[in-house]
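**Student:** Can you read through this structure? Questions will come right after.
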Amino acid sequence: MINGFFVTDAHCHIYPEKIAERAIHGTDTFYGEHSVGTGTVGNLIETGGRAGIDRFVVQSVATTPKQVKSINEFIAGEVEAHSGKLIGLGTLHPDSPDIKGDIEHLVSLGLKGVKLHPDIQAFKIDDYRCLRIYELCEERKLPILMHTGDNRYDYSNPNRLLPILQIYTGLTVIGAHLGGWSIWDEASRAYCGIPNFYVDCSSSFHYLPKETSAAIIRRYGTDRVLFGTDYPMWSAEKELEYFFSLGLDENEIKCILNTNVSKIFDLE
């Protein structure tokens, strides 16, 4: 805990130790950044715990369909091995020949939702290949944590996601990075007020003045925002320090640090 608040980090990436360094290098190259963590679950729990984080929502991304099964089993295995500390999300790939089977498998593993990254996985959110994913996740009540926004590409911006939110109204989507990495203000104006859409604040604070972050959070409403660090990208201590400097009241802080994520993933 920190300052008396129970903290859930709603956006963390972990990898098997043998590939962690390579995986992080790929992400760092894609975004032109330099991650501070090693990408292993041990490092996540150690550094996050030192910062005051109590539990972590963990995930990874399949860049090919054949990776889906092994990644989901890895995530589920780490969740089981660290009982109470981790909440696992599964990965899917729109080119999989058996998306329904992939979803049934991740549900059987006890995973609580799905992570998609349109920019790294190279698909447009409204691509016809993805519609079966949305249909089945809506049916199974599986929230989707989705990377959103990038001014360099046209995979995950509001023009792609808005129609999906309007069609699949029973599907809960969490838009990473305050709904639009690198297009924060535009995205928040496009998405605010949509009932099945939430956001996390990962990989946003580093780029935004505090007054802008606070304005965007309040535009969405503090009942629609989750705290996330995007581990291993940033320092958990610095992300929390920034968050606590935004001038939010106690109830708003509780909502963002734990209440909202607990509601979405039906956590105790």
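In the structure tokens, chains take letters A, B, ... by order of appearance, with residues numbered from 1 within each chain and ligands from 1 in the order shown.
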If we count only C-alpha atoms and set the cut-off at 8 Å, which residues sit around segment 251-256 of chain A, ignoring sequence neighbours fewer than 5 positions away in its own chain? Please answer as a list of chain:residue names.
**Tutor:**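 In the requested form, the answer reads A:Phe5, A:Phe6, A:Thr222, A:Asp223, A:Arg224, A:Val225, A:Leu226, A:Phe227, A:Val261.
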**Student:** Output as a count of residues only all residues of segment 90-255 of chain A that backbone DSSP marks as helix (DSSP H, G or I).
**Tutor:** 77
**Student:** Please indicate the distance in Å from atom CA of Val41 of chain A to atom CA of Gly180 of chain A, rounded to one decimal place.
**Tutor:**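 Straight-line distance from atom CA of Val41 of chain A to atom CA of Gly180 of chain A works out to 26.7 Å.
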**Student:** Using only C-alpha atoms, find the one residue out of A:Leu208, A:Ile103, A:Val79, A:Leu162 that sits nearest to Pro195 of chain A.
**Tutor:**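 Of the candidates, the smallest distance to Pro195 of chain A is held by A:Leu162.
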**Student:** Using only C-alpha atoms for the distances, tell me which of A:Met233, A:Leu267, A:Leu246, A:Ile2 is nearest to Glu33 of chain A.
**Tutor:**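 Selected residue with least distance to Glu33 of chain A: A:Met233.
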**Student:** Got a sec: who's within 10 Å of Gly170 of chain A, counting only C-alpha atoms, leaving out chain neighbours fewer than 3 positions off, as a list in words?
**Tutor:** Tyr134, Glu135, Cys137, Glu138, Glu139, Lys141, Leu142, Pro143, Leu165, Gln166, Ile167, Val173, Pro195 and Asn196 of chain A
**Student:** Would you pick out the contacts of Arg22 of chain A at 12 Å or less, using only C-alpha atoms, so that residues sharing its chain but fewer than 5 positions from it are not included, and give the list as a ChimeraX atom specification?
**Tutor:** /A:15-17,27-29,35,38-40
**Student:** Can I get the selected residues back with N, CA and C atoms, as a compact mmCIF listing (two decimals), in the first residue's frame?
**Tutor:**
```txt
# COMPACT_ATOMS: atom_id res chain seq x y z
N TYR A 15 7.55 -11.41 -19.35
CA TYR A 15 8.05 -12.35 -20.35
C TYR A 15 8.86 -13.44 -19.66
N PRO A 16 8.97 -14.61 -20.27
CA PRO A 16 9.90 -15.61 -19.75
C PRO A 16 11.32 -15.04 -19.73
N GLU A 17 12.09 -15.43 -18.74
CA GLU A 17 13.42 -14.84 -18.57
C GLU A 17 14.30 -14.97 -19.81
N THR A 27 10.19 -3.62 -28.10
CA THR A 27 9.24 -2.58 -27.72
C THR A 27 9.92 -1.22 -27.60
N ASP A 28 11.10 -1.20 -27.01
CA ASP A 28 11.84 0.06 -26.89
C ASP A 28 12.13 0.66 -28.26
N THR A 29 12.51 -0.19 -29.20
CA THR A 29 12.79 0.28 -30.56
C THR A 29 11.53 0.83 -31.21
N SER A 35 13.32 1.08 -21.50
CA SER A 35 12.63 0.54 -20.34
C SER A 35 13.55 0.48 -19.13
N THR A 38 13.32 -5.18 -16.12
CA THR A 38 13.87 -6.31 -16.88
C THR A 38 12.80 -7.13 -17.58
N GLY A 39 11.53 -6.91 -17.26
CA GLY A 39 10.45 -7.63 -17.91
C GLY A 39 10.12 -8.98 -17.29
N THR A 40 10.78 -9.34 -16.20
CA THR A 40 10.51 -10.62 -15.54
C THR A 40 9.54 -10.40 -14.38
```
**Student:** Residues near Ala10 of chain A, anyone? I mean within 9 Å using only C-alpha atoms, not counting same-chain ones fewer than 4 positions away, as a PyMOL selection string.
**Tutor:** chain A and resi 55-58+87+200+202+226-230+257-258+261
**Student:** Next, write the just-selected residues to a file, as a PDB file, in the first residue's frame, keeping N, CA and C atoms as the atom set.
**Tutor:**
```pdb
ATOM      1  N   ARG A  55      -0.861  -5.428  -6.181  1.00  0.00           N
ATOM      2  CA  ARG A  55      -1.084  -6.492  -7.160  1.00  0.00           C
ATOM      3  C   ARG A  55      -1.000  -5.922  -8.568  1.00  0.00           C
ATOM      4  N   PHE A  56      -0.903  -6.824  -9.540  1.00  0.00           N
ATOM      5  CA  PHE A  56      -0.535  -6.438 -10.891  1.00  0.00           C
ATOM      6  C   PHE A  56      -1.389  -7.195 -11.914  1.00  0.00           C
ATOM      7  N   VAL A  57      -1.887  -6.493 -12.911  1.00  0.00           N
ATOM      8  CA  VAL A  57      -2.545  -7.133 -14.046  1.00  0.00           C
ATOM      9  C   VAL A  57      -1.475  -7.362 -15.110  1.00  0.00           C
ATOM     10  N   VAL A  58      -1.222  -8.644 -15.438  1.00  0.00           N
ATOM     11  CA  VAL A  58      -0.091  -8.988 -16.305  1.00  0.00           C
ATOM     12  C   VAL A  58      -0.569  -9.545 -17.636  1.00  0.00           C
ATOM     13  N   ILE A  87      -3.051 -10.787 -11.638  1.00  0.00           N
ATOM     14  CA  ILE A  87      -4.272 -11.056 -12.387  1.00  0.00           C
ATOM     15  C   ILE A  87      -3.848 -11.169 -13.848  1.00  0.00           C
ATOM     16  N   ASP A 200      -6.779   3.311 -19.076  1.00  0.00           N
ATOM     17  CA  ASP A 200      -5.737   3.325 -18.054  1.00  0.00           C
ATOM     18  C   ASP A 200      -4.785   4.480 -18.355  1.00  0.00           C
ATOM     19  N   SER A 202      -1.453   4.418 -18.233  1.00  0.00           N
ATOM     20  CA  SER A 202      -0.082   3.982 -18.484  1.00  0.00           C
ATOM     21  C   SER A 202       0.547   4.726 -19.658  1.00  0.00           C
ATOM     22  N   LEU A 226      -8.151   3.750 -14.779  1.00  0.00           N
ATOM     23  CA  LEU A 226      -7.370   2.777 -14.020  1.00  0.00           C
ATOM     24  C   LEU A 226      -5.913   3.247 -13.971  1.00  0.00           C
ATOM     25  N   PHE A 227      -5.262   2.974 -12.858  1.00  0.00           N
ATOM     26  CA  PHE A 227      -3.828   3.259 -12.765  1.00  0.00           C
ATOM     27  C   PHE A 227      -3.042   2.130 -13.418  1.00  0.00           C
ATOM     28  N   GLY A 228      -2.020   2.481 -14.189  1.00  0.00           N
ATOM     29  CA  GLY A 228      -1.142   1.477 -14.797  1.00  0.00           C
ATOM     30  C   GLY A 228       0.209   2.068 -15.100  1.00  0.00           C
ATOM     31  N   THR A 229       1.243   1.255 -14.995  1.00  0.00           N
ATOM     32  CA  THR A 229       2.607   1.757 -15.207  1.00  0.00           C
ATOM     33  C   THR A 229       3.198   1.392 -16.565  1.00  0.00           C
ATOM     34  N   ASP A 230       2.589   0.420 -17.244  1.00  0.00           N
ATOM     35  CA  ASP A 230       3.179  -0.130 -18.475  1.00  0.00           C
ATOM     36  C   ASP A 230       4.540  -0.758 -18.196  1.00  0.00           C
ATOM     37  N   LEU A 257      -7.001   3.781  -8.295  1.00  0.00           N
ATOM     38  CA  LEU A 257      -5.963   2.844  -7.860  1.00  0.00           C
ATOM     39  C   LEU A 257      -6.475   1.420  -7.685  1.00  0.00           C
ATOM     40  N   ASN A 258      -7.784   1.247  -7.441  1.00  0.00           N
ATOM     41  CA  ASN A 258      -8.227  -0.129  -7.218  1.00  0.00           C
ATOM     42  C   ASN A 258      -9.704  -0.406  -7.512  1.00  0.00           C
ATOM     43  N   VAL A 261     -10.675  -1.130 -11.393  1.00  0.00           N
ATOM     44  CA  VAL A 261     -10.128  -2.378 -11.955  1.00  0.00           C
ATOM     45  C   VAL A 261     -10.785  -3.589 -11.291  1.00  0.00           C
TER      46      VAL A 261
END
```
**Student:** Point out the residue among A:Ile45, A:Ile19, A:Ala51, A:Ala176 with the least atom-to-atom distance to Glu239 of chain A, counting only C-alpha atoms.
**Tutor:** A:Ala51
**Student:** Using only C-alpha atoms, which of the listed residues (A:Leu131, A:Gly110, A:Glu21, A:His147) sits closest to Ser203 of chain A?
**Tutor:** A:His147
**Student:** Could you name the residues that touch Asp54 of chain A at 8 Å or less, counting only C-alpha atoms, but leaving out those on the same chain fewer than 2 positions away, as a short mmCIF file (atom, residue, chain, number, x, y, z; two decimals) with N, CA and C atoms, in the first residue's frame?
**Tutor:**
```cif
data_model
loop_
_atom_site.label_atom_id
_atom_site.label_comp_id
_atom_site.auth_asym_id
_atom_site.auth_seq_id
_atom_site.Cartn_x
_atom_site.Cartn_y
_atom_site.Cartn_z
N MET A 1 0.84 -1.19 0.00
CA MET A 1 0.00 0.00 0.00
C MET A 1 0.88 1.24 0.00
N PHE A 6 -4.77 0.88 -1.18
CA PHE A 6 -4.45 -0.38 -1.86
C PHE A 6 -4.30 -0.07 -3.35
N VAL A 7 -3.22 -0.58 -3.96
CA VAL A 7 -2.88 -0.20 -5.34
C VAL A 7 -2.83 -1.42 -6.25
N THR A 8 -3.58 -1.36 -7.34
CA THR A 8 -3.48 -2.35 -8.40
C THR A 8 -2.90 -1.69 -9.64
N ASP A 9 -1.81 -2.22 -10.14
CA ASP A 9 -1.22 -1.76 -11.40
C ASP A 9 -1.90 -2.53 -12.53
N GLY A 48 7.73 -3.10 -8.05
CA GLY A 48 6.39 -2.59 -7.78
C GLY A 48 6.07 -2.61 -6.30
N GLY A 49 6.45 -3.69 -5.64
CA GLY A 49 6.22 -3.79 -4.20
C GLY A 49 6.95 -2.71 -3.43
N GLY A 52 5.04 0.37 -3.49
CA GLY A 52 3.77 0.36 -2.78
C GLY A 52 2.62 -0.26 -3.54
N PHE A 56 -0.90 -6.82 -9.54
CA PHE A 56 -0.53 -6.44 -10.89
C PHE A 56 -1.39 -7.20 -11.91
N LYS A 85 -1.09 -12.08 -6.10
CA LYS A 85 -0.31 -10.93 -6.55
C LYS A 85 -0.62 -10.54 -7.99
#
```
**Student:** Could you check which of A:Pro232, A:Pro97, A:Gly247, A:Pro209 is closest to Glu46 of chain A, using only C-alpha atoms?
**Tutor:**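 Of all the options, A:Pro232 lies closest to Glu46 of chain A.
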**Student:** Could you pull out the strand (DSSP E) residues of segment 28-268 of chain A, going by DSSP on the backbone, and write them as a ChimeraX atom specification?
**Tutor:** /A:55-59,86-88,90-91,114-116,144-146,173-175,197-200,225-226
**Student:** Which is closer to Ile174 of chain A than all the others in A:Ala190, A:Ile217, A:Leu116, A:Ile24, using only C-alpha atoms?
**Tutor:**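 Answer, going by the shortest atom-to-atom distance: A:Leu116.
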